[in-house]
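Participant: My questions will all concern the structure given below.
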Amino acid sequence: MSTRLAKTGRLVDHNRAIAFTFNGKRLKGHPGDTLASALLANDQMLVGRSFKYHRPRGIVASGAEEPNALVGLGEGTRFEPNQRVTTTELFDGLTCISQNHWPSLDFDIGAVNTAFARFLPAGFYYKTFIHPRPFWKHVYEPFIRQSAGLGKASNPGDPDRYEHFYYFCDVLVVGGGVAGLQAAVTAAEAGSKVMLIEQTAHWGGRAPVDGGEVDGQPVADWVDATIAKLQGMPNVTLRNRCMGAGVYDHGYALGYERVADHTPGSDAPRHRLWRIRAGQIVTATGAIERPLSFAGNDIPGVMLASAVRDYAVDFGVSIGDRTVVVTNNDDAYRTAITLKQLGLEIPVILDARQSGGGALADEARALGIRVENGKGIAKVKGGKRVEGVAICAQAGEGAVLEEIKCDAVAMSGGWSPVVHLWSHCGGKLIWDEAHAHFRPDPANPPKGANGEGFVIPAGAANGAGDLASVVRDAHEAGQAAAKAMGHKPKGKAPEASTSEEAPMQPVWLMPQGAGIKLRMKSWLDYQNDVKVSDVQLAAREGYESVEHAKRYTTLGMATDQGKLSNINGLAILSDALSQPIPQTGTTTFRPPYTPISLSSIAGEAKGEIFQPIRKTPMHGWHEANGADFEPVGQWRRPYCFPKGEEGRHEAVNREIKQTRASLALLDASTLGKIIVKGPDAGRFMDMLYTNMMSTLKPGRCRYGLMCNENGFLMDDGVVARLDEDTFLVHTTTGGADVIHGHMEDWLQCEWWDWKVYTANVTEQYAQIGVAGPNSRKVIEKLTGDDISADALTFMGWTEITVAGIPARVFRISFAGELSFELSVPASHGRALWDALLEAGEEYGVTPYGTEGMHVMRAEKGFIMIGDETDGTVIPQDLNMDWAISKKKEDYLGKRAQEREHMADPNRWKLVGLETLEGEVLPDGAYATAPGTNANGQRNTQGRVTSTYHSPTLGRGIAMGLVHHGPDRMGEVLEFPKVDGGIVKAKIVDPIFYDKDGEKQNV
Amino acid sequence: MSEAVTPLNGARFEGLATIEDAGLTGMITLRGDLASKEVKDAVQKAVGLDIPAQRQAVSGQGSAVLWMSPDELLLICAYDSVSQTIATLEEALKGQHFLAVNVSDARTYLHLSGAGARETLAKLCPVDLSEAAFTPGMFRRTRMAQVPAAFWLDEAGTFHLICFRSVADYAFNLLKTAALPGGEVEIYG
């Protein structure tokens, strides 16, 4: 059983205990523990079930590479699935539950799958659930969805906050082990601005566990001294609990800082995403030990040799009293020696190499440990935990030579440099035969804008072996990074311990001739249950590309992204394809290095600052007076203002009736307002609009259409000429920024020599539409200026003072009534709104919203950009030839509109549609025509573009585009409804109300 | 005449940084040939300040000139003197091709001060806000989370920040959230 050791545990405080629960069981740990070490200290070997076969799963590793030990962490709104216990710091009151089991962790019904494992090979789902086709949606998918998935989804209402931080430095060093520290010191001493980030809570990586000396002192002391030194340097920023998550173009990198995961409920943000722009990035990300592939290598108690050592030294936890070590290299001997020195039993070290190990092997033997060369594990005995191993010759097929009782197995298949960050942005790898691993290819780094590399690997991440070469390599990396930033590196690398190790020997399968029964129990990917036999099957079935084999078998597709399994898997694939490993290559390394929270990506964007809501100066009044808002871009505009029990429909009807009968106000502040000024402004306006604008007189307004260069209608609005040189362009609400950009585009890129300046003054003004027969009267109450029908004629504008506020008044009408638009500085907008409401009281004034506006313009047959237009409609389609100047030589869109398809008389054209029964046509409905098209669909001859109930006329009105529409007045069209019925509508003039415009001309 | 009100109406928050509505302020967009003597003289006459270099602000007593783009400046002056200042510009630039327009009410204007001001901004804007990189007199048009914003730093260490009026609430709440106690990054100041 696993238990706490009394004497070791350099990271834990033995004197203090903290409580936590696992599956409701109350357990105790120490400050400094990870959840993994605390679980092991409580003999909780079994921590979860695998994805496919629901096999018992225990902790395998001690760091970020852990594939098995995922738990659901926390409760309620703080619950989070798939949290790795090896990277979760223990805190008082932590609660967690194991995943993927039913009804309980110890007794799991899904584990029956393992009995059928030979019926669930690679590609099982693809092969089985393909026929019959309709079954997928109704039978297979619901079934698979139920059994698939790891962990439970988190709950809504995350109470924590998250943030981003933008940071800039010369050199970003990722990884706070010996290599990272040395690279940071070297670059910082050269004068570079350095940031050093480390994913764990501790500095020094695994060097303090493995021992050795740097600069004449024990490596742990050197780490402390170096950290102290770096902390004292003003040009260095140190950050632990901060993982280098990804490397991107132009030296951009993401750091994922877990600020408060270990102190939940504190007032600190939980995660902080560092968005770093670095000149050079040093990846000192270390190496990951590989498992060995032998039968039963997934049974709880089988762990990486380095992890067994880490738990003993760092946390004072032994995995078992008797640990069998199995290896193909010298490093695992360190585990045996460490455990033996702690007084634990090592029944045997199985060294797969016929020639055995070097100096470390001699040291082990000297301690009295039995070492067997050329031997391996035929199979591990046990179910939910290791009970013993069967020994065999590595060269053979697995004939059992001897069985040894033990309660832990420490395995080592060699070390793979962590090349993820090097690879994220295109760094290439080379295969190192001697160490049987991929390492960064110095000739092919990720390249920056200048064509030079911007990522430099250092230490074990670069394939360096012993402490001396790690320190030397890191020093060189620091020098190279500083040099690339224009700094002068100085000094030499400190001296460090060397170790003479015997060469490792690649072992991809143990024993090398293992038969199918053993291979079916030799796990490659623990989380996704991919075995040696699965990868071999994929190869036999033709999945030769490593990317295809990955997806077919799901190797490396689990939450650990194959940190332990990839190299072993592709070695097996290479063997099955009889090709060298480099020819098989690796799958693609993509960010993030380990999963980061989605909340950290969202950052501060939640709650009231989820997204910007644009508010007009009158927004507060609208809110206080029950406005029913609708989003218009990022604005919120009142759709209507329901009173009391009134529904939307009743409110809209009331607002319209009141406008037509007396007086109503519209907050039109969101309309785009752009100033166009200069000697060439008239010429520019004539190009922008289809109609003539240069002839407009100061003091007058003109409605105009704007097309893009393809001839399609993009915006409309009223232009006011302010003076000889200056126009004020009104755009649609959604068009304000787009049209301003459109103007600048043409001015900057095409007509750069025209003397025109523009300014977007949309937000400078609050704009209020005052509409209705009493609109002049109410304004006259608030001004001494003359706005009589003679002084301010229709489509004129002037400057007045209203309610003491300087204003522009435009006599324009979108509702079809006598109406004015008042434009005042935004800071006075609310005051004017209040004044108009007060003055309008005697006329029963009402505010009206966007829906009332839409209905009233439709009653008048006015088009709306986005309703009558959809990016494929030209002004001619809308019978707006009157707004297209025949005199002008050119305007944007003119030539496009002369093209054959645009001038085609068969284009659908705008008409009014009057339903025979008075009902409202469905929005977007199509008018059917006889026959079917090539696809067997009903032919169509028109469609509805706007449709409303008109309270003025007491029936449904609509506009639509109809084939030869204007020539077919009086014809009845049929519009099928989604629910099956048909609405019949007569083609009529689109102007339903006050065709002669008498209402607005008073 | 009614009293003009800013969208934030004097709002203030004290956290890691102090965030406050800077109140009604005159702002004039001036577009023209910034290299010309005429524009230089006109700006001098209008606000008594020189034309700033790229990404710089020139500040005076209650006035400033901000570099917006190669042909655009933003002039800061008293809210009540905008008409007069524009008139001065128009007089001085008579016959020149230029545009001077009042945008005082189009924006919200905030002051950001205190030890945490740099960190607060660095959580929201992709700008190097280290003391070595962002020095007094610098001006930057940038993005603040999801909205456009611009800011400059004065000699006293106060950041002057402007963004559009319609997003005043969003901008204030953003800065407030970024300045909440507990969010110290402990990297600047």
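The way I read the labels, and the way they are meant: chains A, B, ... in the order of the structure tokens, residue 1 as the first residue of every chain, and ligand 1 as the first ligand shown, with later ones counted on from there.
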Could you please tell me, as number ranges by chain, which residues of chain A have an atom within 6 Å of chain B when using only C-alpha atoms?
Facilitator: A: 164-166, 168, 267-269, 612, 614-616, 763-764, 804-805, 826-828
Participant: Now that the selection is made, can you save its residues with N, CA and C atoms as an mmCIF file, in the first residue's frame?
Facilitator:
```
data_model
loop_
_atom_site.group_PDB
_atom_site.id
_atom_site.type_symbol
_atom_site.label_atom_id
_atom_site.label_comp_id
_atom_site.auth_asym_id
_atom_site.auth_seq_id
_atom_site.Cartn_x
_atom_site.Cartn_y
_atom_site.Cartn_z
ATOM 1 N N HIS A 164 -6.923 39.129 -18.137
ATOM 2 C CA HIS A 164 -5.774 39.049 -19.038
ATOM 3 C C HIS A 164 -4.700 39.998 -18.514
ATOM 4 N N PHE A 165 -3.496 39.821 -19.003
ATOM 5 C CA PHE A 165 -2.459 40.811 -18.733
ATOM 6 C C PHE A 165 -1.524 40.837 -19.937
ATOM 7 N N TYR A 166 -1.362 42.027 -20.473
ATOM 8 C CA TYR A 166 -0.481 42.184 -21.641
ATOM 9 C C TYR A 166 0.915 42.513 -21.155
ATOM 10 N N PHE A 168 5.261 42.641 -22.210
ATOM 11 C CA PHE A 168 6.250 42.718 -23.288
ATOM 12 C C PHE A 168 7.637 42.505 -22.693
ATOM 13 N N ASP A 267 -9.995 37.040 -2.794
ATOM 14 C CA ASP A 267 -10.471 38.112 -3.673
ATOM 15 C C ASP A 267 -9.608 38.251 -4.928
ATOM 16 N N ALA A 268 -8.663 37.351 -5.111
ATOM 17 C CA ALA A 268 -7.821 37.416 -6.310
ATOM 18 C C ALA A 268 -8.548 36.785 -7.491
ATOM 19 N N PRO A 269 -8.233 37.231 -8.699
ATOM 20 C CA PRO A 269 -8.786 36.536 -9.864
ATOM 21 C C PRO A 269 -8.280 35.098 -9.871
ATOM 22 N N PRO A 612 -19.718 45.186 -24.702
ATOM 23 C CA PRO A 612 -20.124 46.584 -24.570
ATOM 24 C C PRO A 612 -21.550 46.771 -25.057
ATOM 25 N N ARG A 614 -23.922 49.768 -26.171
ATOM 26 C CA ARG A 614 -23.884 51.198 -26.480
ATOM 27 C C ARG A 614 -25.210 51.830 -26.026
ATOM 28 N N LYS A 615 -25.089 52.977 -25.377
ATOM 29 C CA LYS A 615 -26.274 53.636 -24.820
ATOM 30 C C LYS A 615 -26.345 55.076 -25.318
ATOM 31 N N THR A 616 -27.537 55.502 -25.691
ATOM 32 C CA THR A 616 -27.719 56.890 -26.100
ATOM 33 C C THR A 616 -27.866 57.744 -24.840
ATOM 34 N N GLU A 763 -21.584 60.187 -32.303
ATOM 35 C CA GLU A 763 -21.877 60.252 -30.871
ATOM 36 C C GLU A 763 -21.849 61.665 -30.306
ATOM 37 N N GLN A 764 -21.503 62.647 -31.154
ATOM 38 C CA GLN A 764 -21.484 64.023 -30.670
ATOM 39 C C GLN A 764 -22.909 64.523 -30.404
ATOM 40 N N GLY A 804 -33.413 76.309 -24.746
ATOM 41 C CA GLY A 804 -32.142 76.937 -24.357
ATOM 42 C C GLY A 804 -30.916 76.236 -24.900
ATOM 43 N N ILE A 805 -31.128 75.224 -25.727
ATOM 44 C CA ILE A 805 -30.001 74.425 -26.210
ATOM 45 C C ILE A 805 -29.798 74.717 -27.699
ATOM 46 N N ALA A 826 -24.733 65.858 -27.344
ATOM 47 C CA ALA A 826 -25.180 64.687 -26.586
ATOM 48 C C ALA A 826 -25.339 64.997 -25.094
ATOM 49 N N SER A 827 -24.494 65.873 -24.570
ATOM 50 C CA SER A 827 -24.553 66.188 -23.136
ATOM 51 C C SER A 827 -25.853 66.887 -22.749
ATOM 52 N N HIS A 828 -26.592 67.412 -23.774
ATOM 53 C CA HIS A 828 -27.868 68.060 -23.500
ATOM 54 C C HIS A 828 -29.055 67.209 -23.960
#
```
Participant: Counting only C-alpha atoms, which residues in region 70-119 of chain B sit no more than 10 Å from region 51-54 of chain B? For each one, give the nearest pair of atoms and the distance in Å, sorted by chain then residue number, as a Markdown table.
Facilitator:
```
| residue | atom | partner | partner_atom | distance |
| --- | --- | --- | --- | --- |
| B:Pro70 | CA | B:Gln54 | CA | 7.6 |
| B:Leu73 | CA | B:Ile51 | CA | 8.3 |
| B:Leu75 | CA | B:Ile51 | CA | 9.9 |
```
Participant: Produce a file of the selected residues containing N, CA and C atoms, as a compact mmCIF listing (two decimals), in the first residue's frame.
Facilitator:
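Contents of result_13.txt, freshly written:
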```
# COMPACT_ATOMS: atom_id res chain seq x y z
N PRO B 70 -1.57 60.54 -38.99
CA PRO B 70 -0.67 61.46 -39.70
C PRO B 70 -1.34 62.77 -40.15
N LEU B 73 -5.36 65.62 -35.44
CA LEU B 73 -5.04 65.93 -34.04
C LEU B 73 -6.33 65.97 -33.25
N LEU B 75 -7.60 68.25 -30.14
CA LEU B 75 -7.26 69.37 -29.26
C LEU B 75 -8.14 69.31 -28.02
```
Participant: Taking 4 positions as the minimum chain separation for residues in the same chain, which residues sit within 6 Å of region 113-118 of chain B when counting only C-alpha atoms? Answer as a PyMOL selection string.
Facilitator: chain B and resi 16-18+129+158+189
Participant: Can you tell me, as a list in words, what residues are no more than 8 Å from region 552-560 of chain A when counting only C-alpha atoms, ignoring any on the same chain fewer than 4 positions away?
Facilitator: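 Listing them by chain and then by number gives Glu65, Glu66, Pro67, Asn82, Ala122, Gly123, Leu524, Asp525, Gln527, Asn528, Val530, Asp534, Val535, Ala538, Tyr543, His548, Ser565, Asn566, Gly569, Thr594 and Pro595 of chain A.
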Participant: Work out how far apart CA of Lys563 (chain A) and CA of Ala64 (chain A) are and give it in Å to one decimal.
Facilitator: 8.7 Å
Participant: With distances taken over only C-alpha atoms, which of A:Arg290, A:Lys643, A:Arg968, A:Lys999 is nearest to Glu817 (chain A)?
Facilitator: A:Lys999
Participant: Got a sec to tell me which of region 140-184 of chain B DSSP assigns to helix (DSSP H, G or I), as a tab-separated table (two decimals) with C-alpha atoms, in the first residue's frame?
Facilitator:
```tsv
chain	number	residue	atom	x	y	z
B	165	ARG	CA	-19.64	58.22	-25.02
B	166	SER	CA	-22.05	55.37	-25.75
B	167	VAL	CA	-19.78	52.84	-24.02
B	168	ALA	CA	-19.05	54.98	-20.95
B	169	ASP	CA	-20.68	52.48	-18.57
B	170	TYR	CA	-18.83	49.57	-20.14
B	171	ALA	CA	-15.50	51.39	-19.99
B	172	PHE	CA	-15.97	52.44	-16.36
B	173	ASN	CA	-17.01	48.94	-15.29
B	174	LEU	CA	-14.09	47.42	-17.17
B	175	LEU	CA	-11.59	49.64	-15.42
B	176	LYS	CA	-13.32	49.08	-12.10
B	177	THR	CA	-13.12	45.31	-12.52
B	178	ALA	CA	-9.47	45.47	-13.53
```
Participant: Using Å and a single decimal, report how far CA of Asn100 (chain A) sits from CA of Ala378 (chain A).
Facilitator: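 CA of Ala378 (chain A) sits 29.0 Å away from CA of Asn100 (chain A).
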Participant: Tell me which protein, DNA and RNA residues are within 7 Å of region 33-39 of chain A, counting only C-alpha atoms, leaving out same-chain ones fewer than 4 positions away, and put them as a list in words.
Facilitator: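 Neighbouring residues, sequence-local ones excluded: Val12, Gly29, Asp43, Gln44, Val85, Thr86, Thr87, Thr88, Glu89, Leu90, Tyr311, Phe315 and Val317 of chain A.
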Participant: Save the residues we just selected, N, CA and C atoms, as a PDB file, in the first residue's frame?
Facilitator:
```
ATOM      1  N   VAL A  12       6.582  19.398   1.637  1.00  0.00           N
ATOM      2  CA  VAL A  12       5.408  19.414   2.511  1.00  0.00           C
ATOM      3  C   VAL A  12       5.774  19.804   3.945  1.00  0.00           C
ATOM      4  N   GLY A  29      -4.105  15.686   4.465  1.00  0.00           N
ATOM      5  CA  GLY A  29      -2.837  15.890   3.781  1.00  0.00           C
ATOM      6  C   GLY A  29      -2.070  16.981   4.478  1.00  0.00           C
ATOM      7  N   ASP A  43      -3.297   6.081   0.727  1.00  0.00           N
ATOM      8  CA  ASP A  43      -3.447   4.773   0.085  1.00  0.00           C
ATOM      9  C   ASP A  43      -4.602   4.749  -0.912  1.00  0.00           C
ATOM     10  N   GLN A  44      -4.905   5.889  -1.521  1.00  0.00           N
ATOM     11  CA  GLN A  44      -5.945   5.903  -2.538  1.00  0.00           C
ATOM     12  C   GLN A  44      -5.288   5.683  -3.894  1.00  0.00           C
ATOM     13  N   VAL A  85      -4.929  15.532 -10.821  1.00  0.00           N
ATOM     14  CA  VAL A  85      -4.576  15.604  -9.398  1.00  0.00           C
ATOM     15  C   VAL A  85      -3.095  15.930  -9.204  1.00  0.00           C
ATOM     16  N   THR A  86      -2.291  15.618 -10.227  1.00  0.00           N
ATOM     17  CA  THR A  86      -0.844  15.852 -10.089  1.00  0.00           C
ATOM     18  C   THR A  86      -0.485  17.326 -10.181  1.00  0.00           C
ATOM     19  N   THR A  87      -1.387  18.127 -10.744  1.00  0.00           N
ATOM     20  CA  THR A  87      -1.085  19.553 -10.868  1.00  0.00           C
ATOM     21  C   THR A  87      -2.060  20.388 -10.035  1.00  0.00           C
ATOM     22  N   THR A  88      -2.804  19.706  -9.174  1.00  0.00           N
ATOM     23  CA  THR A  88      -3.728  20.427  -8.293  1.00  0.00           C
ATOM     24  C   THR A  88      -3.096  20.536  -6.916  1.00  0.00           C
ATOM     25  N   GLU A  89      -2.869  21.755  -6.478  1.00  0.00           N
ATOM     26  CA  GLU A  89      -2.304  21.939  -5.141  1.00  0.00           C
ATOM     27  C   GLU A  89      -3.392  21.695  -4.107  1.00  0.00           C
ATOM     28  N   LEU A  90      -3.025  20.979  -3.064  1.00  0.00           N
ATOM     29  CA  LEU A  90      -4.002  20.684  -2.011  1.00  0.00           C
ATOM     30  C   LEU A  90      -4.286  21.944  -1.188  1.00  0.00           C
ATOM     31  N   TYR A 311       7.543  11.380  -5.636  1.00  0.00           N
ATOM     32  CA  TYR A 311       6.636  11.269  -4.486  1.00  0.00           C
ATOM     33  C   TYR A 311       7.415  11.004  -3.208  1.00  0.00           C
ATOM     34  N   PHE A 315       7.414  14.692  -1.567  1.00  0.00           N
ATOM     35  CA  PHE A 315       6.212  14.687  -0.724  1.00  0.00           C
ATOM     36  C   PHE A 315       6.270  13.675   0.417  1.00  0.00           C
ATOM     37  N   VAL A 317       6.136  10.336   0.197  1.00  0.00           N
ATOM     38  CA  VAL A 317       5.106   9.316   0.008  1.00  0.00           C
ATOM     39  C   VAL A 317       5.728   8.115  -0.700  1.00  0.00           C
TER      40      VAL A 317
END
```
Participant: In Å, how far is it from CA of Gly844 (chain A) to CA of Asp786 (chain A)?
Facilitator: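 A separation of 23.7 Å between them.
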Participant: Would you mind listing what lies within 12 Å of Glu971 (chain A) as a list of chain:residue names, with only C-alpha atoms counted and same-chain residues fewer than 6 positions away left out?
Facilitator: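 These residues fall inside the cut-off: A:Val911, A:Gly912, A:Leu913, A:Glu914, A:Thr915, A:Leu916, A:Ala927, A:Val962, A:His963, A:His964, A:Gly965, A:Lys984, A:Ala985, A:Lys986, A:Ile987, A:Val988, A:Asp989.
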Participant: Which residues are close to Phe975 (chain A), i.e. within 12 Å by only C-alpha atoms, leaving aside same-chain residues fewer than 4 positions away? Reply as a ChimeraX atom specification.
Facilitator: /A:913-916,920-929,938-944,960,962,979-986
Participant: Export, as a compact mmCIF listing (two decimals), in the first residue's frame, the selected residues with C-alpha atoms.
Facilitator:
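For reference, again.txt as written:
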```
# COMPACT_ATOMS: atom_id res chain seq x y z
CA LEU A 913 -48.66 43.29 -51.14
CA GLU A 914 -52.16 43.46 -49.73
CA THR A 915 -53.53 40.28 -48.19
CA LEU A 916 -57.02 39.37 -49.33
CA VAL A 920 -50.17 39.48 -41.97
CA LEU A 921 -47.91 37.75 -44.49
CA PRO A 922 -45.13 35.65 -42.96
CA ASP A 923 -41.75 37.41 -43.11
CA GLY A 924 -39.54 36.15 -45.90
CA ALA A 925 -42.31 34.03 -47.48
CA TYR A 926 -41.98 33.15 -51.16
CA ALA A 927 -44.64 33.51 -53.83
CA THR A 928 -44.95 30.25 -55.70
CA ALA A 929 -45.02 29.91 -59.48
CA ARG A 938 -41.47 24.65 -56.40
CA ASN A 939 -40.70 27.56 -58.69
CA THR A 940 -40.95 30.98 -57.11
CA GLN A 941 -41.78 34.40 -58.47
CA GLY A 942 -41.25 36.72 -55.58
CA ARG A 943 -40.66 37.12 -51.85
CA VAL A 944 -41.78 39.22 -48.93
CA GLY A 960 -41.92 42.35 -51.62
CA VAL A 962 -41.84 40.18 -57.46
CA ASP A 979 -47.25 25.40 -41.14
CA GLY A 980 -48.90 24.41 -44.41
CA GLY A 981 -51.52 27.07 -45.11
CA ILE A 982 -51.47 29.59 -47.91
CA VAL A 983 -51.80 33.36 -47.71
CA LYS A 984 -53.14 35.12 -50.78
CA ALA A 985 -52.03 38.66 -51.48
CA LYS A 986 -52.75 41.17 -54.22
```
Participant: In region 326-386 of chain A, what's strand (DSSP E) per DSSP? Answer as an NGL selection string?
Facilitator: :A and (326-327 or 349-351 or 371-373 or 375-382 or 386)
Participant: Those same residues - C-alpha atoms - I'd like them written as a PDB file, in the first residue's frame.
Facilitator:
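Output saved as result.pdb:
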```pdb
ATOM      1  CA  VAL A 326      11.912  -1.974 -14.880  1.00  0.00           C
ATOM      2  CA  THR A 327      13.971   0.095 -17.280  1.00  0.00           C
ATOM      3  CA  ILE A 349      15.678  -4.133 -11.048  1.00  0.00           C
ATOM      4  CA  LEU A 350      14.752  -5.515 -14.465  1.00  0.00           C
ATOM      5  CA  ASP A 351      17.068  -3.938 -17.021  1.00  0.00           C
ATOM      6  CA  VAL A 371      19.758  -6.497 -10.861  1.00  0.00           C
ATOM      7  CA  GLU A 372      18.647  -8.654 -13.770  1.00  0.00           C
ATOM      8  CA  ASN A 373      19.977  -7.677 -17.193  1.00  0.00           C
ATOM      9  CA  LYS A 375      14.955  -9.138 -18.459  1.00  0.00           C
ATOM     10  CA  GLY A 376      11.574  -7.561 -18.591  1.00  0.00           C
ATOM     11  CA  ILE A 377       8.027  -7.894 -17.361  1.00  0.00           C
ATOM     12  CA  ALA A 378       5.865 -10.536 -19.037  1.00  0.00           C
ATOM     13  CA  LYS A 379       2.850  -9.320 -17.177  1.00  0.00           C
ATOM     14  CA  VAL A 380       1.773  -7.479 -14.084  1.00  0.00           C
ATOM     15  CA  LYS A 381      -0.364  -9.432 -11.631  1.00  0.00           C
ATOM     16  CA  GLY A 382      -3.297  -7.757  -9.946  1.00  0.00           C
ATOM     17  CA  VAL A 386      -0.313  -4.348  -8.361  1.00  0.00           C
TER      18      VAL A 386
END
```
